[in-house]
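Text of the file structure_33.json, holding JSON, C-alpha atoms:
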```json
[["chain", "number", "residue", "atom", "x", "y", "z"],
["N", 237, "MET", "CA", -102.96, -16.63, -33.22],
["N", 238, "PHE", "CA", -105.99, -18.18, -31.56],
["N", 239, "LYS", "CA", -106.71, -14.89, -29.72],
["N", 240, "TYR", "CA", -106.44, -12.99, -33.03],
["N", 241, "LEU", "CA", -108.91, -15.35, -34.74],
["N", 242, "LEU", "CA", -111.30, -15.13, -31.80],
["N", 243, "LEU", "CA", -111.18, -11.32, -31.81],
["N", 244, "SER", "CA", -111.66, -11.26, -35.57],
["N", 245, "SER", "CA", -114.66, -13.55, -35.25],
["N", 246, "LEU", "CA", -116.23, -11.37, -32.55],
["N", 247, "LEU", "CA", -115.73, -8.21, -34.58],
["N", 248, "SER", "CA", -117.29, -9.86, -37.61],
["N", 249, "SER", "CA", -120.32, -10.98, -35.62],
["N", 250, "VAL", "CA", -120.84, -7.42, -34.36],
["N", 251, "ALA", "CA", -120.40, -5.88, -37.80],
["N", 252, "PHE", "CA", -122.93, -8.23, -39.39],
["N", 253, "ALA", "CA", -125.36, -8.55, -36.48],
["N", 254, "GLN", "CA", -128.89, -9.12, -37.76],
["N", 255, "VAL", "CA", -131.66, -6.70, -36.90],
["N", 256, "ASP", "CA", -135.22, -8.01, -36.57],
["N", 257, "TYR", "CA", -137.44, -5.64, -38.57],
["N", 258, "ASP", "CA", -140.69, -7.59, -38.05],
["N", 259, "HIS", "CA", -142.48, -5.02, -35.83],
["N", 260, "CYS", "CA", -141.34, -2.12, -38.00],
["N", 261, "THR", "CA", -142.51, -3.95, -41.12],
["N", 262, "GLU", "CA", -145.92, -4.52, -39.54],
["N", 263, "SER", "CA", -146.32, -0.81, -38.87],
["N", 264, "THR", "CA", -145.41, 0.07, -42.48],
["N", 265, "LYS", "CA", -148.05, -2.42, -43.64],
["N", 266, "ASN", "CA", -150.62, -0.50, -41.61],
["N", 267, "LEU", "CA", -149.53, 2.93, -42.83],
["N", 268, "PHE", "CA", -148.24, 2.54, -46.38],
["N", 269, "GLN", "CA", -150.70, 0.67, -48.60],
["N", 270, "VAL", "CA", -151.24, 0.47, -52.37],
["N", 271, "ALA", "CA", -154.02, 3.04, -51.98],
["N", 272, "LYS", "CA", -155.87, 4.82, -49.20],
["N", 273, "ILE", "CA", -159.62, 4.23, -49.44],
["N", 274, "GLU", "CA", -161.74, 4.93, -46.38],
["N", 275, "GLY", "CA", -163.11, 1.80, -44.77],
["N", 276, "HIS", "CA", -160.80, -0.55, -46.65],
["N", 277, "SER", "CA", -157.55, -2.23, -45.59],
["N", 278, "LEU", "CA", -155.49, -2.74, -48.73],
["N", 279, "PRO", "CA", -152.24, -4.63, -49.45],
["N", 280, "ASN", "CA", -148.95, -3.13, -48.29],
["N", 281, "LEU", "CA", -146.56, -1.35, -50.66],
["N", 282, "PHE", "CA", -143.41, -2.94, -49.28],
["N", 283, "THR", "CA", -141.74, -4.84, -46.46],
["N", 284, "ILE", "CA", -138.37, -4.23, -44.76],
["N", 285, "ASN", "CA", -135.89, -7.07, -45.24],
["N", 286, "ASP", "CA", -133.05, -8.18, -42.93],
["N", 287, "GLU", "CA", -130.67, -5.70, -44.59],
["N", 288, "GLY", "CA", -132.97, -2.78, -43.87],
["N", 289, "LYS", "CA", -134.06, -2.32, -47.48],
["N", 290, "LEU", "CA", -137.61, -1.80, -48.74],
["N", 291, "ILE", "CA", -138.82, -4.75, -50.83],
["N", 292, "ALA", "CA", -141.81, -4.10, -53.12],
["N", 293, "ASN", "CA", -144.87, -6.29, -52.60],
["N", 294, "PRO", "CA", -144.45, -8.51, -55.69],
["N", 295, "LYS", "CA", -148.19, -9.15, -56.10],
["N", 296, "HIS", "CA", -149.28, -5.52, -56.25],
["N", 297, "VAL", "CA", -146.29, -3.17, -56.54],
["N", 298, "LYS", "CA", -143.21, -2.59, -58.68],
["N", 299, "LEU", "CA", -140.05, -0.65, -57.92],
["N", 300, "ILE", "CA", -139.55, 2.14, -60.44],
["N", 301, "SER", "CA", -136.27, 3.56, -59.17],
["N", 302, "PHE", "CA", -133.77, 3.30, -56.32],
["N", 303, "GLU", "CA", -130.95, 5.64, -55.33],
["N", 304, "GLU", "CA", -128.58, 5.64, -52.38],
["N", 305, "THR", "CA", -126.40, 8.47, -51.13],
["N", 306, "GLY", "CA", -124.51, 7.88, -47.91],
["N", 307, "LYS", "CA", -127.05, 6.99, -45.22],
["N", 308, "VAL", "CA", -130.08, 7.97, -47.31],
["N", 309, "GLN", "CA", -131.99, 5.67, -49.66],
["N", 310, "ARG", "CA", -134.70, 6.87, -52.03],
["N", 311, "TYR", "CA", -137.30, 4.53, -53.50],
["N", 312, "LYS", "CA", -140.08, 5.10, -55.99],
["N", 313, "PHE", "CA", -142.90, 2.56, -56.22],
["N", 314, "SER", "CA", -146.02, 2.28, -58.34],
["N", 315, "THR", "CA", -149.12, 0.19, -57.78],
["N", 316, "SER", "CA", -149.21, -2.66, -60.27],
["N", 317, "THR", "CA", -151.92, -5.16, -59.45],
["N", 318, "GLU", "CA", -153.85, -7.71, -61.47],
["N", 319, "LYS", "CA", -156.22, -8.62, -58.64],
["N", 320, "ARG", "CA", -159.72, -8.10, -60.03],
["N", 321, "SER", "CA", -161.33, -7.24, -56.70],
["N", 322, "LEU", "CA", -158.82, -4.39, -56.21],
["N", 323, "LEU", "CA", -159.26, -3.09, -59.75],
["N", 324, "ARG", "CA", -163.04, -3.12, -59.33],
["N", 325, "LEU", "CA", -162.67, -1.20, -56.05],
["N", 326, "PHE", "CA", -160.40, 1.37, -57.71],
["N", 327, "ARG", "CA", -162.87, 1.88, -60.57],
["N", 328, "LYS", "CA", -165.79, 2.16, -58.13],
["N", 329, "LYS", "CA", -163.93, 4.80, -56.08],
["N", 330, "GLY", "CA", -162.64, 6.66, -59.14],
["N", 331, "VAL", "CA", -159.00, 5.80, -58.41],
["N", 332, "SER", "CA", -156.65, 5.55, -61.39],
["N", 333, "VAL", "CA", -153.95, 2.90, -60.98],
["N", 334, "SER", "CA", -151.59, 4.95, -63.15],
["N", 335, "ASP", "CA", -151.71, 7.73, -60.54],
["N", 336, "LEU", "CA", -150.71, 5.47, -57.64],
["N", 337, "LYS", "CA", -147.01, 6.30, -57.43],
["N", 338, "TYR", "CA", -145.14, 6.73, -54.15],
["N", 339, "THR", "CA", -141.70, 8.00, -53.15],
["N", 340, "PHE", "CA", -140.03, 7.04, -49.87],
["N", 341, "GLU", "CA", -136.83, 8.15, -48.19],
["N", 342, "VAL", "CA", -135.10, 5.82, -45.77],
["N", 343, "HIS", "CA", -132.61, 7.37, -43.33],
["N", 344, "ARG", "CA", -130.09, 5.12, -41.58],
["N", 345, "ASP", "CA", -128.34, 5.80, -38.31],
["N", 346, "SER", "CA", -124.59, 5.72, -37.61],
["N", 347, "LYS", "CA", -124.85, 1.92, -37.11],
["N", 348, "GLY", "CA", -126.49, 1.38, -40.49],
["N", 349, "ARG", "CA", -129.91, 0.61, -39.00],
["N", 350, "VAL", "CA", -133.10, 2.12, -40.38],
["N", 351, "LYS", "CA", -133.92, 5.28, -38.41],
["N", 352, "SER", "CA", -137.01, 6.38, -40.33],
["N", 353, "VAL", "CA", -139.14, 5.79, -43.41],
["N", 354, "THR", "CA", -140.63, 8.96, -44.87],
["N", 355, "LYS", "CA", -143.37, 9.13, -47.47],
["N", 356, "VAL", "CA", -142.50, 12.06, -49.75],
["N", 357, "PRO", "CA", -145.29, 13.89, -51.63],
["N", 358, "GLU", "CA", -145.37, 13.46, -55.40],
["N", 359, "CYS", "CA", -146.56, 16.98, -56.18],
["N", 360, "GLU", "CA", -143.96, 19.66, -56.75],
["N", 361, "ASN", "CA", -143.43, 22.08, -53.84],
["N", 362, "CYS", "CA", -145.75, 20.05, -51.57],
["N", 363, "LYS", "CA", -144.45, 19.85, -48.00],
["N", 364, "ASN", "CA", -146.81, 17.27, -46.50],
["N", 365, "THR", "CA", -144.96, 14.12, -45.46],
["N", 366, "SER", "CA", -145.47, 11.13, -43.16],
["N", 367, "ALA", "CA", -142.35, 9.99, -41.30],
["N", 368, "LEU", "CA", -142.40, 6.74, -39.35],
["N", 369, "GLU", "CA", -139.61, 6.86, -36.76],
["N", 370, "PHE", "CA", -138.01, 3.72, -35.32],
["N", 371, "THR", "CA", -136.11, 2.83, -32.18],
["N", 372, "TYR", "CA", -134.39, -0.36, -31.01],
["N", 373, "ILE", "CA", -134.62, -2.70, -28.05],
["N", 374, "LYS", "CA", -131.59, -4.98, -28.32],
["N", 375, "ASP", "CA", -131.79, -6.18, -31.95],
["N", 376, "ASP", "CA", -135.53, -5.59, -32.38],
["N", 377, "CYS", "CA", -136.67, -2.66, -34.51],
["N", 378, "ILE", "CA", -139.87, -1.12, -33.13],
["N", 379, "PRO", "CA", -141.87, 1.93, -34.29],
["N", 380, "SER", "CA", -141.56, 4.88, -31.91],
["N", 381, "GLN", "CA", -143.73, 7.58, -33.47],
["N", 382, "LEU", "CA", -145.44, 8.85, -36.59],
["N", 383, "VAL", "CA", -144.64, 12.48, -37.45],
["N", 384, "THR", "CA", -146.72, 14.17, -40.14],
["N", 385, "LYS", "CA", -146.34, 17.51, -41.91],
["N", 386, "ASN", "CA", -149.20, 19.53, -43.36],
["N", 387, "LEU", "CA", -149.16, 21.46, -46.64],
["N", 388, "ASP", "CA", -147.47, 24.40, -44.86],
["N", 389, "GLY", "CA", -144.66, 22.16, -43.64],
["N", 390, "GLU", "CA", -145.78, 22.26, -39.99],
["N", 391, "SER", "CA", -144.92, 19.07, -38.09],
["N", 392, "THR", "CA", -147.05, 17.25, -35.55],
["N", 393, "ILE", "CA", -146.76, 13.96, -33.67],
["N", 394, "ALA", "CA", -149.74, 11.92, -34.85],
["N", 395, "VAL", "CA", -148.94, 8.77, -32.85],
["N", 396, "ASP", "CA", -146.31, 7.98, -30.20],
["N", 397, "SER", "CA", -145.58, 4.48, -28.85],
["N", 398, "LEU", "CA", -145.09, 5.55, -25.23],
["N", 399, "VAL", "CA", -148.30, 7.57, -25.24],
["N", 400, "CYS", "CA", -150.05, 4.57, -26.82],
["N", 401, "ARG", "CA", -148.73, 2.21, -24.19],
["N", 402, "ALA", "CA", -149.81, 4.55, -21.37],
["N", 403, "ALA", "CA", -153.33, 4.80, -22.85],
["N", 404, "VAL", "CA", -153.67, 1.01, -23.07],
["N", 405, "GLN", "CA", -152.43, 0.65, -19.48],
["N", 406, "ARG", "CA", -154.93, 3.26, -18.22],
["N", 407, "GLU", "CA", -157.81, 1.38, -19.82],
["N", 408, "LYS", "CA", -156.57, -1.86, -18.30],
["N", 409, "ASP", "CA", -156.23, -0.23, -14.86],
["N", 410, "LEU", "CA", -159.69, 1.31, -15.11],
["N", 411, "ILE", "CA", -161.35, -2.06, -15.71],
["N", 412, "SER", "CA", -159.47, -3.52, -12.76],
["N", 413, "SER", "CA", -160.32, -0.55, -10.50],
["N", 414, "MET", "CA", -164.00, -0.65, -11.44],
["N", 415, "ARG", "CA", -164.22, -4.28, -10.40],
["N", 416, "ARG", "CA", -162.67, -3.55, -7.03],
["N", 417, "GLY", "CA", -164.54, -0.26, -6.75],
["N", 418, "PHE", "CA", -167.80, -2.03, -6.04],
["N", 419, "LYS", "CA", -166.25, -3.12, -2.76],
["N", 420, "CYS", "CA", -164.23, -0.01, -1.99],
["N", 421, "ILE", "CA", -164.96, 3.35, -3.62],
["N", 422, "ASP", "CA", -161.41, 4.51, -2.81],
["N", 423, "GLU", "CA", -160.17, 2.21, -5.58],
["N", 424, "LEU", "CA", -161.70, 4.52, -8.20],
["N", 425, "SER", "CA", -160.29, 7.58, -6.48],
["N", 426, "ASN", "CA", -156.83, 5.98, -6.55],
["N", 427, "TYR", "CA", -157.28, 5.13, -10.23],
["N", 428, "TYR", "CA", -157.98, 8.75, -11.19],
["N", 429, "ASN", "CA", -154.95, 9.91, -9.21],
["N", 430, "LYS", "CA", -152.87, 7.40, -11.16],
["N", 431, "THR", "CA", -154.49, 8.63, -14.38],
["N", 432, "ILE", "CA", -153.38, 12.19, -13.60],
["N", 433, "GLU", "CA", -149.82, 10.99, -13.00],
["N", 434, "SER", "CA", -149.77, 8.78, -16.11],
["N", 435, "SER", "CA", -151.31, 11.44, -18.36],
["N", 436, "GLN", "CA", -148.97, 14.16, -17.08],
["N", 437, "LYS", "CA", -145.96, 11.94, -17.74],
["N", 438, "ALA", "CA", -147.19, 11.23, -21.28],
["N", 439, "LEU", "CA", -147.85, 14.95, -21.79],
["N", 440, "ASP", "CA", -144.34, 15.90, -20.63],
["N", 441, "HIS", "CA", -142.92, 13.28, -23.00],
["N", 442, "LEU", "CA", -144.90, 14.71, -25.93],
["N", 443, "ASN", "CA", -143.84, 18.26, -25.12],
["N", 444, "ASP", "CA", -140.19, 17.14, -25.08],
["N", 445, "GLU", "CA", -140.61, 15.36, -28.41],
["N", 446, "GLU", "CA", -142.42, 18.31, -30.00],
["N", 447, "SER", "CA", -139.62, 20.65, -28.92],
["N", 448, "LYS", "CA", -137.27, 18.63, -31.15],
["N", 449, "LEU", "CA", -139.41, 19.30, -34.24],
["N", 450, "SER", "CA", -139.01, 22.38, -36.37],
["N", 451, "ASP", "CA", -142.19, 24.34, -37.20],
["N", 452, "SER", "CA", -144.24, 22.09, -34.94],
["N", 453, "VAL", "CA", -147.95, 22.45, -34.23],
["N", 454, "GLU", "CA", -149.68, 20.93, -31.23],
["N", 455, "SER", "CA", -150.62, 17.28, -31.56],
["N", 456, "GLN", "CA", -154.20, 16.17, -30.93],
["N", 457, "LEU", "CA", -152.67, 13.83, -28.37],
["N", 458, "VAL", "CA", -151.74, 16.87, -26.27],
["N", 459, "SER", "CA", -155.29, 18.23, -26.08],
["N", 460, "ARG", "CA", -156.65, 14.77, -25.25],
["N", 461, "LEU", "CA", -154.20, 14.34, -22.40],
["N", 462, "GLU", "CA", -154.92, 17.83, -21.06],
["N", 463, "LYS", "CA", -158.64, 17.05, -21.11],
["N", 464, "THR", "CA", -158.04, 13.72, -19.37],
["N", 465, "ILE", "CA", -156.03, 15.43, -16.61],
["N", 466, "LYS", "CA", -158.72, 18.09, -16.12],
["N", 467, "MET", "CA", -161.54, 15.54, -15.85],
["N", 468, "SER", "CA", -159.49, 13.22, -13.62],
["N", 469, "LYS", "CA", -158.83, 15.99, -11.12],
["N", 470, "LYS", "CA", -162.59, 16.31, -10.64],
["N", 471, "LEU", "CA", -162.90, 12.58, -10.06],
["N", 472, "ALA", "CA", -159.82, 12.00, -7.91],
["N", 473, "LYS", "CA", -161.57, 12.71, -4.62],
["N", 474, "PRO", "CA", -162.02, 10.18, -1.80],
["N", 475, "LEU", "CA", -165.73, 11.00, -1.42],
["N", 476, "ALA", "CA", -166.53, 11.71, -5.07],
["N", 477, "ASN", "CA", -170.09, 10.90, -6.10],
["N", 478, "TYR", "CA", -169.29, 8.95, -9.24],
["N", 479, "ALA", "CA", -172.95, 8.34, -10.04],
["N", 480, "SER", "CA", -173.45, 12.08, -10.62],
["N", 481, "MET", "CA", -170.22, 12.44, -12.61],
["N", 482, "GLU", "CA", -170.92, 10.07, -15.46],
["N", 483, "ASN", "CA", -170.16, 12.73, -18.09],
["N", 484, "GLU", "CA", -166.60, 13.21, -16.81],
["N", 485, "GLN", "CA", -166.01, 9.47, -16.67],
["N", 486, "PHE", "CA", -167.39, 9.06, -20.18],
["N", 487, "GLU", "CA", -165.20, 11.87, -21.55],
["N", 488, "ILE", "CA", -162.03, 10.33, -20.11],
["N", 489, "ARG", "CA", -162.78, 6.92, -21.63],
["N", 490, "THR", "CA", -163.74, 8.51, -24.96],
["N", 491, "GLU", "CA", -160.48, 10.48, -25.25],
["N", 492, "ASN", "CA", -158.49, 7.41, -24.27],
["N", 493, "ALA", "CA", -160.38, 5.22, -26.76],
["N", 494, "LYS", "CA", -159.62, 7.66, -29.60],
["N", 495, "THR", "CA", -155.90, 7.47, -28.83],
["N", 496, "ILE", "CA", -155.91, 3.68, -28.54],
["N", 497, "GLY", "CA", -157.80, 3.35, -31.84],
["N", 498, "GLU", "CA", -155.26, 5.48, -33.70],
["N", 499, "CYS", "CA", -152.38, 3.61, -32.06],
["N", 500, "PHE", "CA", -153.66, 0.19, -33.09],
["N", 501, "LYS", "CA", -154.49, 1.41, -36.60],
["N", 502, "SER", "CA", -151.03, 2.94, -37.17],
["N", 503, "LEU", "CA", -148.55, 0.90, -35.12],
["N", 504, "GLY", "CA", -150.34, -2.40, -34.50],
["N", 505, "GLU", "CA", -152.21, -3.82, -31.53],
["N", 506, "ASP", "CA", -149.89, -6.73, -30.76],
["N", 507, "TYR", "CA", -146.81, -4.52, -30.51],
["N", 508, "ILE", "CA", -148.42, -1.93, -28.21],
["N", 509, "LYS", "CA", -149.73, -4.66, -25.89],
["N", 510, "GLU", "CA", -146.46, -6.62, -25.81],
["N", 511, "ASN", "CA", -144.70, -6.33, -22.43],
["N", 512, "LYS", "CA", -141.16, -7.13, -23.57],
["N", 513, "TYR", "CA", -140.45, -3.61, -24.91],
["N", 514, "PHE", "CA", -141.98, -1.38, -22.22],
["N", 515, "SER", "CA", -140.91, -0.83, -18.63],
["N", 516, "LYS", "CA", -143.30, -0.58, -15.67],
["N", 517, "THR", "CA", -142.42, 3.12, -15.34],
["N", 518, "GLY", "CA", -143.85, 3.87, -18.79],
["N", 519, "GLY", "CA", -140.66, 4.04, -20.85],
["N", 520, "TYR", "CA", -138.81, 1.60, -23.09],
["N", 521, "LYS", "CA", -136.69, -1.25, -21.76],
["N", 522, "LYS", "CA", -133.01, -0.54, -22.52],
["N", 523, "GLU", "CA", -133.75, 1.60, -25.57],
["N", 524, "ASP", "CA", -131.00, 2.10, -28.15],
["N", 525, "ARG", "CA", -132.31, 5.17, -29.94],
["N", 526, "PRO", "CA", -130.96, 5.68, -33.46],
["N", 527, "GLN", "CA", -128.69, 8.66, -34.01],
["N", 528, "LEU", "CA", -127.92, 10.16, -37.38],
["N", 529, "PRO", "CA", -124.23, 10.54, -38.27],
["N", 530, "LYS", "CA", -122.71, 13.76, -36.94],
["N", 531, "LYS", "CA", -122.48, 15.10, -40.46],
["N", 532, "ASP", "CA", -125.64, 13.81, -42.13],
["N", 533, "ASP", "CA", -125.37, 12.80, -45.77],
["N", 534, "ALA", "CA", -127.15, 14.88, -48.38],
["N", 535, "VAL", "CA", -130.49, 13.57, -49.55],
["N", 536, "ALA", "CA", -130.36, 11.84, -52.91],
["N", 537, "VAL", "CA", -131.88, 13.85, -55.74],
["N", 538, "GLU", "CA", -134.13, 11.92, -58.08],
["N", 539, "LEU", "CA", -133.02, 12.00, -61.70]]
```
Structure translated into C-alpha cells:
Amino acid sequence: MFKYLLLSSLLSSVAFAQVDYDHCTESTKNLFQVAKIEGHSLPNLFTINDEGKLIANPKHVKLISFEETGKVQRYKFSTSTEKRSLLRLFRKKGVSVSDLKYTFEVHRDSKGRVKSVTKVPECENCKNTSALEFTYIKDDCIPSQLVTKNLDGESTIAVDSLVCRAAVQREKDLISSMRRGFKCIDELSNYYNKTIESSQKALDHLNDEESKLSDSVESQLVSRLEKTIKMSKKLAKPLANYASMENEQFEIRTENAKTIGECFKSLGEDYIKENKYFSKTGGYKKEDRPQLPKKDDAVAVEL
C-alpha cells in the first residue's frame, strides 16, 4: 500500500510539475507591446502565467476572446489604457487606440508546455507573422528564436539564441585578446581564428534551422556571419599588420554589434548573458526541445 501511495505521489508530481516561464515572459514583453512606436518602449500586452496561459496586462489591455482546440490556444487582445501619457503619445503619432487589436496563437508541445507564441496579422489574407519559439532547460522556459514571415509568407530567422550567445562571447573574447595583444600580437591572431570557428558553427546552426522552415529566405544573420568569416580570414595571420587593417577590424565589430543589439532588444540582455543555460561549446545545457504531438491539432477558427 505504501509503495502504491509513493508511486501515485511521484506520478502526480510529474504530471503537475511547474514550469518557470519568467525568461519567456520577459521576451514577450520586449516583442509584443500595446503599440509599436519607433524610439519608445511601451507596456507589454500580456504575460505568461504558471499554467502557460497568456494573461492580459490589466492596466493597458483587455482580452476580447479566447478559444482552445487541442494543443492550440487563440487569444484576441485590444489596447485599453487610461494612462494619459500613452494617450497623448498615440494622438501625437496618429495612432488610434480602437485600431490596436492583436491576435495570438499559442502552440503547446506533447507535454503541455508552451512551444511558441505567434502574432497573427489582423488583415484578411495577410501572411506576415512573428513567431517566438521556446525551448526548455530543466523546468525553465527560455526563448530560442524569433521567426518572422513577410507579406508573401516567406519565413526568416530574425533572432536566434545560440547565434546571440556566440556574438556576445566573441565580443567578450575580443576585449580580452586586445588587452593581451599589446604584449603578444599572436593573441589577436588566435582570436580571429577562434572567430572563424565560432562564426562558422553559428552559420551551420542557422542553415540547419532554416532548412526546417518552409518558404524560407536568408536571414540577415547569415550574411553578417559570412562577412565576419571573410574579414577574420584576412586578420587571422601570425604576422598580420593590424594597424593597416583597421577597416576589417571595424567591420567585424560592427556586424557583431548589430546582432547583439537585435538580440538584447528581442530576447533580453540578462538571459543572453546568463551562463546557466549555455554550454562552453556554444549549445544549450541539457536542452529539452519541445515537440508537437505526432498528429497536430487543428488550429482554432475564430468565430
In Å to one decimal, how far is CA of Glu407 in chain N from CA of Glu369 in chain N?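 Pair CA of Glu369 in chain N / CA of Glu407 in chain N returns 25.5 Å.
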Quick one: residues within 9 Å of (-143.1, 8.3, -36.9) (file frame), counting all atoms listed in the file, please, as an MDAnalysis selection string. chainID N and resid 352:354 366:370 379:384 393:396
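If you look at CA of Phe500 in chain N and CA of Asp335 in chain N, they are 28.5 Å away from each other.
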Neighbours of Ile284 in chain N within 9 Å (only C-alpha atoms; same-chain residues fewer than 2 positions away dropped), as a count of residues only? 12
Nearest candidate to Ile488 in chain N (options N:Arg415, N:Lys312, N:Arg406, N:Lys509; using all atoms listed in the file):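 Of N:Arg415, N:Lys312, N:Arg406, N:Lys509, the one nearest Ile488 in chain N is N:Arg406, counting all atoms listed in the file.
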Compile the contact shell of Phe302 in chain N as a tab-separated table (two decimals) with C-alpha atoms, keeping the file's coordinate frame: residues with an atom at most 10 Å away, counting all atoms listed in the file, same-chain residues fewer than 5 positions apart removed.
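Wrote it out as around-v7.tsv, contents follow:
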```
chain	number	residue	atom	x	y	z
N	290	LEU	CA	-137.61	-1.80	-48.74
N	309	GLN	CA	-131.99	5.67	-49.66
N	310	ARG	CA	-134.70	6.87	-52.03
N	311	TYR	CA	-137.30	4.53	-53.50
N	312	LYS	CA	-140.08	5.10	-55.99
N	313	PHE	CA	-142.90	2.56	-56.22
N	339	THR	CA	-141.70	8.00	-53.15
N	340	PHE	CA	-140.03	7.04	-49.87
N	341	GLU	CA	-136.83	8.15	-48.19
N	536	ALA	CA	-130.36	11.84	-52.91
N	538	GLU	CA	-134.13	11.92	-58.08
```
May I ask for the distance between CA of Val399 in chain N and CA of Ala438 in chain N, given in Å to one decimal place? 5.5 Å
Leaving out Pro294 in chain N and any residue of its chain fewer than 3 positions from it, which residues lie within 10 Å of it when counting only C-alpha atoms, given as a list in words?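 The residues satisfying every condition are Leu281, Phe282, Ile291, Val297, Lys298, Leu299, Ser316 and Thr317 of chain N.
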Determine, counting all atoms listed in the file, which protein, DNA and RNA residues have an atom within 7 Å of an atom of Leu503 in chain N; residues of the same chain fewer than 4 positions away are not included. Present the result as a list in words. Ser263, Asn266, Pro379 and Cys499 of chain N
Residues near Gly330 in chain N, anyone? I mean within 12 Å using only C-alpha atoms, not counting same-chain ones fewer than 5 positions away, as an NGL selection string. :N and (271 or 273 or 323-325 or 335)
For the selection just defined, write its residues with C-alpha atoms to a file, as a compact mmCIF listing (two decimals), in the frame of the given file.
```txt
# COMPACT_ATOMS: atom_id res chain seq x y z
CA ALA N 271 -154.02 3.04 -51.98
CA ILE N 273 -159.62 4.23 -49.44
CA LEU N 323 -159.26 -3.09 -59.75
CA ARG N 324 -163.04 -3.12 -59.33
CA LEU N 325 -162.67 -1.20 -56.05
CA ASP N 335 -151.71 7.73 -60.54
```
Point out the residue among N:Glu505, N:Glu510, N:Glu523, N:Glu487 with the least atom-to-atom distance to Glu262 in chain N, counting all atoms listed in the file. N:Glu505
Point out the residue among N:Ala402, N:Val333, N:Leu410, N:Ala479 with the least atom-to-atom distance to Lys437 in chain N, counting all atoms listed in the file.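 Closest candidate: N:Ala402.
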So, with all atoms listed in the file as the atoms that count, which of N:Val356, N:Ile300, N:Leu336, N:Ile378 lies closest to Asp506 in chain N? N:Ile378
My list of candidates is N:Pro529, N:Val270, N:Tyr428, N:Thr315. Which is closest to Gln485 in chain N when distances are computed with only C-alpha atoms?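 With only C-alpha atoms as the atom set, the closest residue is N:Tyr428.
Counting all atoms listed in the file and comparing N:Ala493, N:Val308, N:Cys362, N:Leu424, the residue that lies closest to Asn386 in chain N is N:Cys362.
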In the coordinate frame of the file, compute which residues have an atom within 12 Å of (-161.4, 12.7, -11.4) when using all atoms listed in the file, and state them as a ChimeraX atom specification. /N:422,424-433,463-478,481-489
